[in-house]
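Asks: So here's work.tsv, just TSV, C-alpha atoms and all ligand atoms:
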```tsv
chain	number	residue	atom	x	y	z
A	25	MET	CA	247.14	215.76	-4.96
A	26	PHE	CA	243.76	214.66	-3.68
A	27	LYS	CA	243.19	210.96	-3.09
A	28	ILE	CA	240.24	208.71	-3.81
A	29	ASN	CA	238.89	205.96	-1.61
A	30	GLU	CA	240.95	203.19	-3.20
A	31	ASN	CA	238.69	200.52	-1.78
A	32	TYR	CA	236.50	201.30	-4.80
A	33	LEU	CA	239.26	199.94	-7.03
A	34	GLN	CA	238.90	196.59	-5.30
A	35	LEU	CA	235.27	196.21	-6.27
A	36	ASN	CA	234.45	193.62	-8.88
A	37	ARG	CA	233.48	195.55	-12.01
A	38	ASN	CA	229.79	194.75	-12.18
A	39	TYR	CA	229.36	193.54	-15.75
A	40	LEU	CA	226.30	191.44	-15.00
A	41	PHE	CA	223.38	193.55	-16.19
A	42	SER	CA	225.39	195.45	-18.83
A	43	THR	CA	226.60	192.15	-20.31
A	44	ILE	CA	223.03	190.86	-20.29
A	45	SER	CA	221.77	193.99	-22.12
A	46	LYS	CA	224.58	193.76	-24.65
A	47	LYS	CA	223.81	190.11	-25.38
A	48	ILE	CA	220.08	190.87	-25.76
A	49	ASP	CA	220.80	193.79	-28.14
A	50	GLU	CA	223.09	191.63	-30.29
A	51	PHE	CA	220.53	188.84	-30.38
A	52	ALA	CA	217.68	191.23	-31.23
A	53	GLN	CA	219.67	192.71	-34.13
A	54	VAL	CA	220.16	189.31	-35.70
A	55	ASN	CA	216.63	188.14	-34.80
A	56	PRO	CA	214.45	191.27	-35.11
A	57	ASN	CA	211.20	189.28	-34.96
A	58	ALA	CA	212.04	187.25	-31.86
A	59	ASP	CA	209.53	187.76	-29.04
A	60	ILE	CA	211.93	187.93	-26.09
A	61	ILE	CA	210.48	187.11	-22.65
A	62	ARG	CA	212.32	188.79	-19.80
A	63	LEU	CA	212.57	186.88	-16.53
A	64	GLY	CA	215.83	188.51	-15.57
A	65	ILE	CA	215.72	191.73	-13.57
A	66	GLY	CA	214.09	191.65	-10.12
A	67	ASP	CA	211.76	194.56	-10.84
A	68	VAL	CA	207.99	194.48	-10.55
A	69	THR	CA	205.86	195.05	-13.66
A	70	LYS	CA	202.32	195.68	-12.40
A	71	PRO	CA	201.24	199.29	-11.71
A	72	LEU	CA	200.83	200.79	-8.25
A	73	PRO	CA	197.66	199.85	-6.31
A	74	ALA	CA	194.66	202.18	-6.82
A	75	SER	CA	194.58	203.22	-3.14
A	76	VAL	CA	198.23	204.28	-3.38
A	77	ILE	CA	197.54	206.34	-6.50
A	78	ASP	CA	194.53	208.01	-4.82
A	79	SER	CA	196.63	208.91	-1.84
A	80	ILE	CA	199.36	210.37	-4.07
A	81	HIS	CA	196.79	212.57	-5.84
A	82	LYS	CA	195.45	213.83	-2.52
A	83	SER	CA	198.86	214.69	-1.14
A	84	VAL	CA	199.89	216.41	-4.38
A	85	ASP	CA	196.82	218.64	-3.90
A	86	GLU	CA	197.84	219.30	-0.30
A	87	MET	CA	201.24	220.45	-1.54
A	88	SER	CA	199.55	222.96	-3.85
A	89	LYS	CA	197.82	224.89	-1.02
A	90	LYS	CA	199.42	227.30	1.38
A	91	GLU	CA	197.60	225.80	4.40
A	92	THR	CA	198.57	222.20	3.72
A	93	PHE	CA	201.95	222.55	2.00
A	94	ARG	CA	204.78	220.55	3.65
A	95	GLY	CA	208.47	221.36	3.53
A	96	TYR	CA	211.17	219.39	5.32
A	97	GLY	CA	209.66	216.60	7.35
A	98	PRO	CA	211.09	214.61	10.25
A	99	GLU	CA	214.19	212.77	9.01
A	100	GLN	CA	213.04	209.47	10.54
A	101	GLY	CA	209.64	209.67	8.84
A	102	TYR	CA	206.24	211.11	9.67
A	103	LYS	CA	204.53	209.84	12.79
A	104	PHE	CA	201.43	208.80	10.80
A	105	LEU	CA	203.49	206.27	8.83
A	106	ARG	CA	205.80	205.08	11.61
A	107	GLU	CA	202.78	204.37	13.81
A	108	LYS	CA	200.94	202.51	11.04
A	109	ILE	CA	204.00	200.36	10.35
A	110	ALA	CA	204.64	199.55	14.02
A	111	GLU	CA	200.99	198.71	14.60
A	112	THR	CA	200.28	196.68	11.44
A	113	ASP	CA	203.56	194.93	10.70
A	114	TYR	CA	204.56	194.25	14.31
A	115	GLN	CA	202.16	194.96	17.19
A	116	LYS	CA	199.16	193.25	15.56
A	117	ARG	CA	201.38	190.21	15.12
A	118	GLY	CA	202.27	190.25	18.80
A	119	LEU	CA	205.71	191.83	18.34
A	120	LYS	CA	206.81	194.65	20.62
A	121	ILE	CA	208.13	197.19	18.15
A	122	ASP	CA	207.30	200.86	18.75
A	123	ALA	CA	206.99	203.68	16.25
A	124	ASP	CA	210.25	205.24	17.50
A	125	GLU	CA	212.09	202.09	16.45
A	126	ILE	CA	210.97	202.54	12.82
A	127	PHE	CA	213.10	204.67	10.48
A	128	VAL	CA	211.39	205.46	7.17
A	129	SER	CA	213.73	205.72	4.21
A	130	ASP	CA	213.93	205.78	0.42
A	131	GLY	CA	214.93	202.16	-0.06
A	132	SER	CA	216.43	199.11	1.52
A	133	LYS	CA	219.31	199.38	-0.91
A	134	SER	CA	220.32	202.68	0.70
A	135	ASP	CA	219.80	201.44	4.25
A	136	THR	CA	221.59	198.09	3.89
A	137	GLY	CA	224.40	200.00	2.21
A	138	ASN	CA	224.52	202.84	4.74
A	139	ILE	CA	224.16	200.90	7.97
A	140	GLY	CA	227.94	200.43	8.03
A	141	ASP	CA	228.22	204.16	8.89
A	142	ILE	CA	227.37	203.38	12.53
A	143	LEU	CA	229.51	200.23	12.78
A	144	GLY	CA	233.21	200.06	13.61
A	145	TYR	CA	235.89	199.30	11.03
A	146	ASN	CA	237.34	196.47	13.08
A	147	ASN	CA	234.30	194.17	13.00
A	148	THR	CA	234.51	190.80	11.28
A	149	ILE	CA	231.66	190.65	8.76
A	150	ALA	CA	230.03	187.59	7.22
A	151	ILE	CA	228.15	187.62	3.94
A	152	THR	CA	226.59	184.70	2.08
A	153	ASN	CA	227.84	183.41	-1.26
A	154	PRO	CA	225.76	183.84	-3.45
A	155	VAL	CA	224.45	187.20	-2.26
A	156	TYR	CA	222.46	190.33	-3.14
A	157	PRO	CA	225.60	192.29	-4.17
A	158	VAL	CA	224.89	195.48	-2.16
A	159	TYR	CA	226.07	193.99	1.17
A	160	LEU	CA	229.36	192.82	-0.31
A	161	ASP	CA	230.15	195.89	-2.37
A	162	THR	CA	229.31	198.41	0.36
A	163	THR	CA	231.41	196.43	2.84
A	164	ILE	CA	234.36	196.50	0.40
A	165	MET	CA	233.80	200.25	-0.12
A	166	ARG	CA	234.29	200.71	3.62
A	167	LEU	CA	236.90	198.11	4.51
A	168	GLY	CA	238.51	197.09	1.23
A	169	ASN	CA	239.00	193.41	0.47
A	170	SER	CA	239.92	192.89	4.07
A	171	ASP	CA	240.56	189.67	5.98
A	172	LYS	CA	237.67	190.82	8.17
A	173	LEU	CA	235.26	189.81	5.41
A	174	HIS	CA	234.11	186.17	5.51
A	175	LEU	CA	231.93	184.35	3.03
A	176	LEU	CA	229.26	181.92	4.22
A	177	GLU	CA	229.14	179.24	1.57
A	178	CYS	CA	225.65	178.38	0.37
A	179	ASN	CA	225.39	175.46	-2.00
A	180	GLU	CA	223.39	172.40	-2.95
A	181	GLU	CA	224.71	170.44	0.06
A	182	ASN	CA	223.28	172.89	2.60
A	183	GLY	CA	220.19	173.71	0.53
A	184	PHE	CA	221.58	177.21	-0.07
A	185	LEU	CA	221.23	178.08	3.62
A	186	PRO	CA	224.39	179.21	5.46
A	187	GLU	CA	225.79	177.31	8.42
A	188	ILE	CA	226.42	179.10	11.71
A	189	PRO	CA	230.00	180.48	11.44
A	190	SER	CA	232.75	178.45	13.01
A	191	LYS	CA	235.02	181.56	13.28
A	192	PRO	CA	234.24	184.58	15.47
A	193	ILE	CA	232.04	186.93	13.46
A	194	ASP	CA	230.76	190.30	14.73
A	195	ILE	CA	228.24	191.14	12.04
A	196	VAL	CA	226.31	188.99	9.58
A	197	PHE	CA	224.06	189.98	6.70
A	198	LEU	CA	221.12	187.59	6.25
A	199	CYS	CA	218.39	187.96	3.63
A	200	TYR	CA	215.27	185.76	3.81
A	201	PRO	CA	213.35	185.11	1.62
A	202	ASN	CA	216.57	185.14	-0.30
A	203	ASN	CA	217.56	186.99	-3.41
A	204	PRO	CA	218.85	185.28	-5.59
A	205	THR	CA	218.12	181.71	-4.46
A	206	GLY	CA	214.48	182.14	-3.34
A	207	THR	CA	215.21	179.99	-0.27
A	208	VAL	CA	213.75	180.76	3.16
A	209	MET	CA	214.81	180.22	6.75
A	210	ASN	CA	212.39	178.41	9.02
A	211	ARG	CA	211.78	179.33	12.65
A	212	LYS	CA	214.13	176.67	14.06
A	213	LYS	CA	217.08	177.71	11.89
A	214	MET	CA	216.45	181.43	12.50
A	215	LYS	CA	216.43	180.77	16.23
A	216	LEU	CA	219.85	179.12	15.90
A	217	TRP	CA	221.16	182.32	14.32
A	218	VAL	CA	219.59	184.56	16.96
A	219	ASP	CA	220.93	182.39	19.81
A	220	TRP	CA	224.37	182.39	18.17
A	221	ALA	CA	224.30	186.20	17.83
A	222	LEU	CA	223.21	186.66	21.45
A	223	SER	CA	225.87	184.37	22.84
A	224	ASN	CA	228.63	185.88	20.68
A	225	LYS	CA	227.42	189.47	21.09
A	226	SER	CA	227.13	189.65	17.31
A	227	LEU	CA	224.78	191.73	15.18
A	228	ILE	CA	222.41	190.32	12.53
A	229	LEU	CA	221.51	192.67	9.68
A	230	PHE	CA	218.31	191.06	8.46
A	231	ASP	CA	216.96	192.00	5.03
A	232	ALA	CA	213.27	191.11	4.83
A	233	ALA	CA	212.55	192.87	1.51
A	234	TYR	CA	210.57	189.84	0.31
A	235	GLU	CA	208.63	189.02	3.51
A	236	ALA	CA	205.27	189.55	1.76
A	237	TYR	CA	205.95	186.45	-0.35
A	238	ILE	CA	206.14	184.10	2.64
A	239	MET	CA	203.29	181.61	2.47
A	240	ASP	CA	204.61	178.99	4.89
A	241	GLU	CA	203.50	179.39	8.54
A	242	ASP	CA	206.80	177.98	9.76
A	243	VAL	CA	208.79	180.78	8.12
A	244	PRO	CA	209.04	183.98	10.20
A	245	LYS	CA	208.12	187.18	8.35
A	246	SER	CA	210.24	189.15	10.78
A	247	ILE	CA	213.35	188.19	12.69
A	248	PHE	CA	211.67	189.78	15.72
A	249	GLU	CA	209.35	186.77	15.85
A	250	ILE	CA	212.33	185.00	17.41
A	251	GLU	CA	212.66	185.57	21.14
A	252	ASN	CA	215.23	188.21	22.10
A	253	ALA	CA	216.08	189.09	18.49
A	254	GLU	CA	215.49	192.75	19.39
A	255	LYS	CA	218.76	192.56	21.33
A	256	CYS	CA	220.85	191.40	18.35
A	257	ALA	CA	219.17	192.37	15.07
A	258	ILE	CA	218.28	195.22	12.74
A	259	GLU	CA	215.56	194.52	10.18
A	260	PHE	CA	215.21	196.11	6.73
A	261	ARG	CA	211.82	196.19	5.02
A	262	SER	CA	210.76	197.71	1.73
A	263	PHE	CA	207.56	198.69	-0.06
A	264	SER	CA	209.26	197.88	-3.38
A	265	LYS	CA	208.35	194.25	-3.89
A	266	ASN	CA	205.02	194.02	-2.05
A	267	ALA	CA	203.35	197.26	-3.17
A	268	GLY	CA	205.32	197.96	-6.35
A	269	PHE	CA	207.28	200.97	-5.01
A	270	THR	CA	210.48	200.18	-6.95
A	271	GLY	CA	210.09	203.50	-8.79
A	272	LEU	CA	208.31	205.45	-6.05
A	273	ARG	CA	210.90	204.55	-3.36
A	274	CYS	CA	209.97	203.89	0.24
A	275	SER	CA	211.28	201.47	2.83
A	276	TYR	CA	211.90	201.30	6.54
A	277	THR	CA	214.50	199.98	8.93
A	278	VAL	CA	213.74	198.72	12.42
A	279	VAL	CA	216.43	199.46	14.98
A	280	PRO	CA	215.15	198.26	18.37
A	281	LYS	CA	215.87	200.32	21.47
A	282	ALA	CA	216.98	197.10	23.18
A	283	LEU	CA	219.83	196.75	20.69
A	284	LYS	CA	222.92	197.92	22.55
A	285	THR	CA	226.66	197.44	22.60
A	286	ILE	CA	229.59	198.78	24.61
A	287	SER	CA	232.03	201.36	23.24
A	288	SER	CA	235.76	201.31	23.97
A	289	ASN	CA	235.30	203.68	26.95
A	290	GLY	CA	233.00	201.10	28.57
A	291	ASP	CA	229.76	203.02	28.02
A	292	VAL	CA	226.59	201.33	26.81
A	293	GLN	CA	225.60	202.56	23.34
A	294	SER	CA	222.17	202.42	21.71
A	295	LEU	CA	222.12	201.64	18.00
A	296	ASN	CA	218.67	203.23	17.77
A	297	LEU	CA	220.17	206.57	18.85
A	298	LEU	CA	223.18	206.17	16.55
A	299	TRP	CA	221.05	205.39	13.48
A	300	GLY	CA	218.74	208.29	14.35
A	301	ARG	CA	221.80	210.55	14.50
A	302	ARG	CA	223.14	209.18	11.21
A	303	GLN	CA	219.85	209.68	9.42
A	304	SER	CA	219.22	213.17	10.74
A	305	THR	CA	222.72	214.22	9.67
A	306	LYS	CA	222.88	212.63	6.22
A	307	PHE	CA	219.24	212.24	5.15
A	308	ASN	CA	216.43	214.77	4.89
A	309	GLY	CA	213.57	212.32	4.89
A	310	THR	CA	211.42	210.44	2.39
A	311	PRO	CA	209.07	212.79	0.45
A	312	TYR	CA	205.76	213.53	2.19
A	313	ILE	CA	203.83	212.40	-0.90
A	314	VAL	CA	205.64	209.06	-0.91
A	315	GLN	CA	205.02	208.52	2.81
A	316	ARG	CA	201.29	209.19	2.28
A	317	ALA	CA	201.45	206.64	-0.56
A	318	ALA	CA	203.04	204.09	1.79
A	319	GLU	CA	200.42	204.86	4.44
A	320	ALA	CA	197.72	203.86	1.90
A	321	VAL	CA	199.28	200.39	1.70
A	322	TYR	CA	197.95	199.87	5.25
A	323	SER	CA	194.34	200.82	4.43
A	324	ILE	CA	191.84	197.97	4.07
A	325	GLU	CA	191.79	198.43	0.28
A	326	GLY	CA	195.57	198.80	0.18
A	327	GLN	CA	196.12	195.55	2.05
A	328	GLU	CA	193.75	193.74	-0.33
A	329	GLU	CA	195.44	195.21	-3.39
A	330	VAL	CA	198.90	194.32	-2.13
A	331	GLY	CA	197.66	190.80	-1.37
A	332	ASP	CA	196.44	190.55	-4.98
A	333	LEU	CA	199.76	191.74	-6.38
A	334	VAL	CA	201.71	189.24	-4.31
A	335	SER	CA	199.31	186.41	-5.26
A	336	TYR	CA	199.68	187.29	-8.92
A	337	TYR	CA	203.48	187.07	-8.80
A	338	MET	CA	203.42	183.98	-6.58
A	339	ASN	CA	201.15	182.27	-9.08
A	340	ASN	CA	203.79	183.00	-11.72
A	341	ALA	CA	206.45	181.59	-9.40
A	342	ALA	CA	204.41	178.39	-9.04
A	343	VAL	CA	204.01	178.16	-12.83
A	344	ILE	CA	207.78	178.33	-13.25
A	345	ARG	CA	208.64	176.05	-10.36
A	346	ASN	CA	206.03	173.35	-11.02
A	347	GLY	CA	206.44	173.51	-14.79
A	348	LEU	CA	210.17	172.94	-14.55
A	349	ILE	CA	210.01	170.30	-11.81
A	350	SER	CA	207.51	168.33	-13.91
A	351	LYS	CA	210.18	168.01	-16.61
A	352	GLY	CA	212.89	166.96	-14.18
A	353	TRP	CA	214.72	170.27	-13.63
A	354	THR	CA	216.30	170.84	-10.23
A	355	VAL	CA	214.91	174.06	-8.78
A	356	TYR	CA	215.02	175.94	-5.48
A	357	GLY	CA	212.81	178.77	-4.26
A	358	GLY	CA	209.57	179.95	-5.85
A	359	GLU	CA	207.40	178.79	-2.93
A	360	ASN	CA	207.91	181.69	-0.53
A	361	ALA	CA	209.77	184.03	-2.86
A	362	PRO	CA	209.36	185.55	-6.33
A	363	TYR	CA	212.63	183.91	-7.48
A	364	VAL	CA	213.27	180.44	-8.84
A	365	TRP	CA	216.87	179.24	-8.66
A	366	LEU	CA	217.48	176.71	-11.34
A	367	LYS	CA	220.33	174.24	-11.69
A	368	CYS	CA	221.82	174.51	-15.17
A	369	PRO	CA	221.76	171.31	-17.20
A	370	GLU	CA	224.85	169.03	-17.31
A	371	GLY	CA	227.65	170.61	-19.28
A	372	HIS	CA	226.47	174.19	-18.88
A	373	ASP	CA	227.79	176.99	-16.73
A	374	SER	CA	225.61	180.00	-15.87
A	375	TRP	CA	226.61	182.02	-18.95
A	376	SER	CA	226.47	179.22	-21.50
A	377	PHE	CA	222.99	178.43	-20.18
A	378	PHE	CA	222.08	182.10	-20.55
A	379	ASP	CA	223.12	181.96	-24.21
A	380	GLN	CA	221.25	178.73	-24.82
A	381	LEU	CA	218.06	180.03	-23.20
A	382	LEU	CA	218.21	183.20	-25.27
A	383	GLU	CA	219.03	181.48	-28.56
A	384	LYS	CA	216.70	178.49	-28.32
A	385	CYS	CA	213.82	179.88	-26.23
A	386	HIS	CA	214.18	183.67	-26.60
A	387	ILE	CA	214.09	183.98	-22.81
A	388	VAL	CA	216.29	186.18	-20.61
A	389	GLY	CA	217.22	185.25	-17.05
A	390	THR	CA	220.13	186.06	-14.74
A	391	PRO	CA	223.28	183.91	-14.58
A	392	GLY	CA	223.75	182.75	-10.97
A	393	VAL	CA	227.49	183.41	-11.07
A	394	GLY	CA	226.67	187.14	-11.12
A	395	PHE	CA	225.74	186.77	-7.41
A	396	GLY	CA	228.95	185.06	-6.34
A	397	SER	CA	231.12	182.06	-7.15
A	398	ASN	CA	228.66	179.59	-5.60
A	399	GLY	CA	226.07	180.80	-8.12
A	400	GLU	CA	228.12	179.23	-10.94
A	401	GLY	CA	226.08	176.49	-12.60
A	402	TYR	CA	222.80	178.10	-11.44
A	403	PHE	CA	220.37	180.54	-12.96
A	404	ARG	CA	217.74	182.93	-11.54
A	405	LEU	CA	214.29	183.32	-13.07
A	406	THR	CA	211.89	185.91	-11.68
A	407	ALA	CA	208.12	185.78	-11.28
A	408	PHE	CA	207.69	189.46	-12.14
A	409	ASN	CA	206.52	189.14	-15.76
A	410	SER	CA	202.86	188.72	-16.78
A	411	TYR	CA	201.07	185.41	-16.21
A	412	GLU	CA	200.70	184.86	-19.97
A	413	LYS	CA	204.38	185.44	-20.68
A	414	THR	CA	205.39	183.28	-17.74
A	415	VAL	CA	203.28	180.36	-18.97
A	416	GLU	CA	204.70	180.78	-22.45
A	417	ALA	CA	208.26	180.92	-21.12
A	418	VAL	CA	207.88	177.63	-19.27
A	419	GLU	CA	206.32	176.00	-22.35
A	420	ARG	CA	209.23	177.20	-24.47
A	421	ILE	CA	211.80	175.86	-22.00
A	422	ASN	CA	210.09	172.51	-21.72
A	423	THR	CA	209.70	172.21	-25.49
A	424	HIS	CA	213.09	173.42	-26.70
A	425	LEU	CA	215.59	172.41	-23.99
B	501	LIG	N1	217.15	193.87	-0.62
B	501	LIG	C1	217.08	192.87	-1.51
B	501	LIG	C2	217.42	191.50	-1.08
B	501	LIG	C3	216.72	193.11	-2.84
B	501	LIG	O1	216.66	192.11	-3.70
B	501	LIG	C4	216.43	194.43	-3.23
B	501	LIG	C5	216.09	194.77	-4.62
B	501	LIG	O2	216.10	194.00	-5.53
B	501	LIG	C6	216.53	195.44	-2.28
B	501	LIG	C7	216.89	195.13	-0.98
B	501	LIG	C8	216.30	196.86	-2.66
B	501	LIG	O3	215.11	197.31	-2.21
B	501	LIG	P1	214.68	198.84	-2.38
B	501	LIG	O4	213.94	198.93	-3.68
B	501	LIG	O5	213.85	199.10	-1.18
B	501	LIG	O6	215.93	199.66	-2.39
```
Show me, as structure tokens, the structure contained in the file I just sent.
Ligand code: PLP

Replies:
Amino acid sequence: MFKINENYLQLNRNYLFSTISKKIDEFAQVNPNADIIRLGIGDVTKPLPASVIDSIHKSVDEMSKKETFRGYGPEQGYKFLREKIAETDYQKRGLKIDADEIFVSDGSKSDTGNIGDILGYNNTIAITNPVYPVYLDTTIMRLGNSDKLHLLECNEENGFLPEIPSKPIDIVFLCYPNNPTGTVMNRKKMKLWVDWALSNKSLILFDAAYEAYIMDEDVPKSIFEIENAEKCAIEFRSFSKNAGFTGLRCSYTVVPKALKTISSNGDVQSLNLLWGRRQSTKFNGTPYIVQRAAEAVYSIEGQEEVGDLVSYYMNNAAVIRNGLISKGWTVYGGENAPYVWLKCPEGHDSWSFFDQLLEKCHIVGTPGVGFGSNGEGYFRLTAFNSYEKTVEAVERINTHL
């Protein structure tokens, strides 16, 4: 009889978003006229920038002509995009990242989930609690609920920022700006992590999906702003949340050539080569049309349009954050991230607050406990709805709760 990978049986059944939908449906049936405002799912709502759309039209036309049609492309991404990324996101900011260290992909979800393919099974792995669930679930898929998995507790006492591990850890997933808490890591704290990784020969898997939302000069947009991080870190970046590519799908992963380790036979191994090998074996590249769309993000117009999108959502984040703080709510995030992490009022857990918010204010958010046990008693609101709806949501909360 064939066997399944039984590690999948150890995964927490993810009831979060299905339970939310079920509760909304039930509520809407009983209250058909309720105008429900959704501040739950972390998906953008504004359309793609005009320069991106123009570029898509042009490349669709190229695909229709014999002379300009493209079939399979390079698995790591077209040179035109890798060079643009290296130049704009790194070199112009004084960071030494070359185009051959950029691997274009179809999403940071895939890459943060797949990176384990090139890492050994005997590593100890640390993941924050609460966490973007992909790191945890894909680690369990590979290793099972193993004693090699350690949780870094993030809570009110440490401002939802993990402490440097006291136990030996080989690999750590860090995500800043953070989903779900909206917290960020300043330069000093990030340097502590990089220095720790270098001295322990550990690897940092750094998810920077929300870097575009960083407003504070003291918060690095890339882990490679920290000296020597190219020897201990891989960075994941996405076009989803800055340029609205959640449906179009494009991201990239930076695997520096300086990132090396030693295999059991004593040879030095390059992670850049290993990831290149992994991608060219299991991935046939991001569509040409989508890579041309991503290239347009780096045009002068594209950069302006992306800046406008980010400002729009960050204005919403400020409306939520400031509106709630003014009425005495305890909130985290929302200053350098499109998420506001709210402490539920006395006597409420994450789910009972969800119910109250829906029933009294007709607002949907995400219960913090869905991101890990330390999320219990907290609640995530997103800045991705319209300005008008966001203002109305805050008014409803401050009037009815
Ligand atoms: N990383 C984090 C922290 C996220 O919150 C998300 C999406 O919500 C992703 C990665 C996924 O990004 P992508 O759309 O590029 O797969």

Asks: Taking into account all atoms listed in the file, which residue in the set A:Phe395, A:Trp375, A:Tyr145, A:Phe184 is nearest to ligand LIG 501 (chain B)?

Replies: A:Phe395

Asks: May I have the residues within 7 Å of ligand LIG 501 (chain B), computed using all atoms listed in the file, as a ChimeraX atom specification?

Replies: /A:66-67,130-134,156,199,202-203,231,233,262-264,270,273-275

Asks: Taking into account only C-alpha atoms, which residue in the set A:His372, A:Lys82, A:Lys384, A:Arg211 is nearest to A:Asp240?

Replies: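 Selected residue with least distance to A:Asp240: A:Arg211.
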
Asks: Taking into account all atoms listed in the file, which residue in the set A:Lys213, A:Lys281, A:Lys265, A:Arg316 is nearest to A:Val334?

Replies: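 Residue with the minimum atom-to-atom distance to A:Val334: A:Lys265.
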
Asks: Quick one, how far is atom CA of A:Glu50 from atom CA of A:Phe377?

Replies: 16.6 Å

Asks: Pick out the closest residue to A:Tyr312 from this set: A:Asn266, A:Ser83, A:Ser129, A:Asn210. Count all atoms listed in the file.

Replies: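 Looking only at the distances to A:Tyr312, the closest residue turns out to be A:Ser83.
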
Asks: Would you mind reading off the distance between atom CA of A:Ile387 and atom CA of A:Ile61, one decimal, in Å?

Replies: 4.8 Å

Asks: For A:Ile313, work out the shell of residues within 9 Å, counting all atoms listed in the file and skipping chain neighbours fewer than 5 positions away, then give it as a ChimeraX atom specification.

Replies: /A:79-84,87,318

Asks: List as a PDB file with C-alpha atoms, keeping the file's coordinate frame the protein and nucleic acid residues near A:Leu173, meaning an atom at most 10 Å away when only C-alpha atoms are counted, but skip any in the same chain fewer than 4 places from it.

Replies:
```pdb
ATOM      1  CA  ASN A 147     234.300 194.170  13.000  1.00  0.00           C
ATOM      2  CA  THR A 148     234.510 190.800  11.280  1.00  0.00           C
ATOM      3  CA  ILE A 149     231.660 190.650   8.760  1.00  0.00           C
ATOM      4  CA  ALA A 150     230.030 187.590   7.220  1.00  0.00           C
ATOM      5  CA  ILE A 151     228.150 187.620   3.940  1.00  0.00           C
ATOM      6  CA  LEU A 160     229.360 192.820  -0.310  1.00  0.00           C
ATOM      7  CA  THR A 163     231.410 196.430   2.840  1.00  0.00           C
ATOM      8  CA  ILE A 164     234.360 196.500   0.400  1.00  0.00           C
ATOM      9  CA  LEU A 167     236.900 198.110   4.510  1.00  0.00           C
ATOM     10  CA  GLY A 168     238.510 197.090   1.230  1.00  0.00           C
ATOM     11  CA  ASN A 169     239.000 193.410   0.470  1.00  0.00           C
ATOM     12  CA  ILE A 193     232.040 186.930  13.460  1.00  0.00           C
ATOM     13  CA  ILE A 195     228.240 191.140  12.040  1.00  0.00           C
ATOM     14  CA  VAL A 196     226.310 188.990   9.580  1.00  0.00           C
TER      15      VAL A 196
END
```

Asks: Counting all atoms listed in the file, which of A:Gly271, A:Ser335, A:Glu383, A:Met214 gets nearest to A:Pro186?

Replies: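 The shortest atom-to-atom distance to A:Pro186 comes from A:Met214.
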
Asks: Rounded to one decimal, what separation in Å do you get between atom CA of A:Glu254 and atom CA of A:Phe127?

Replies: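 Rounded to one decimal, the two atoms are 15.1 Å apart.
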
Asks: Rank nothing, just name the residue among A:Lys255, A:Leu333, A:Leu298, A:Asn409 nearest to A:Gly140, using only C-alpha atoms.

Replies: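 Answer, going by the shortest atom-to-atom distance: A:Leu298.
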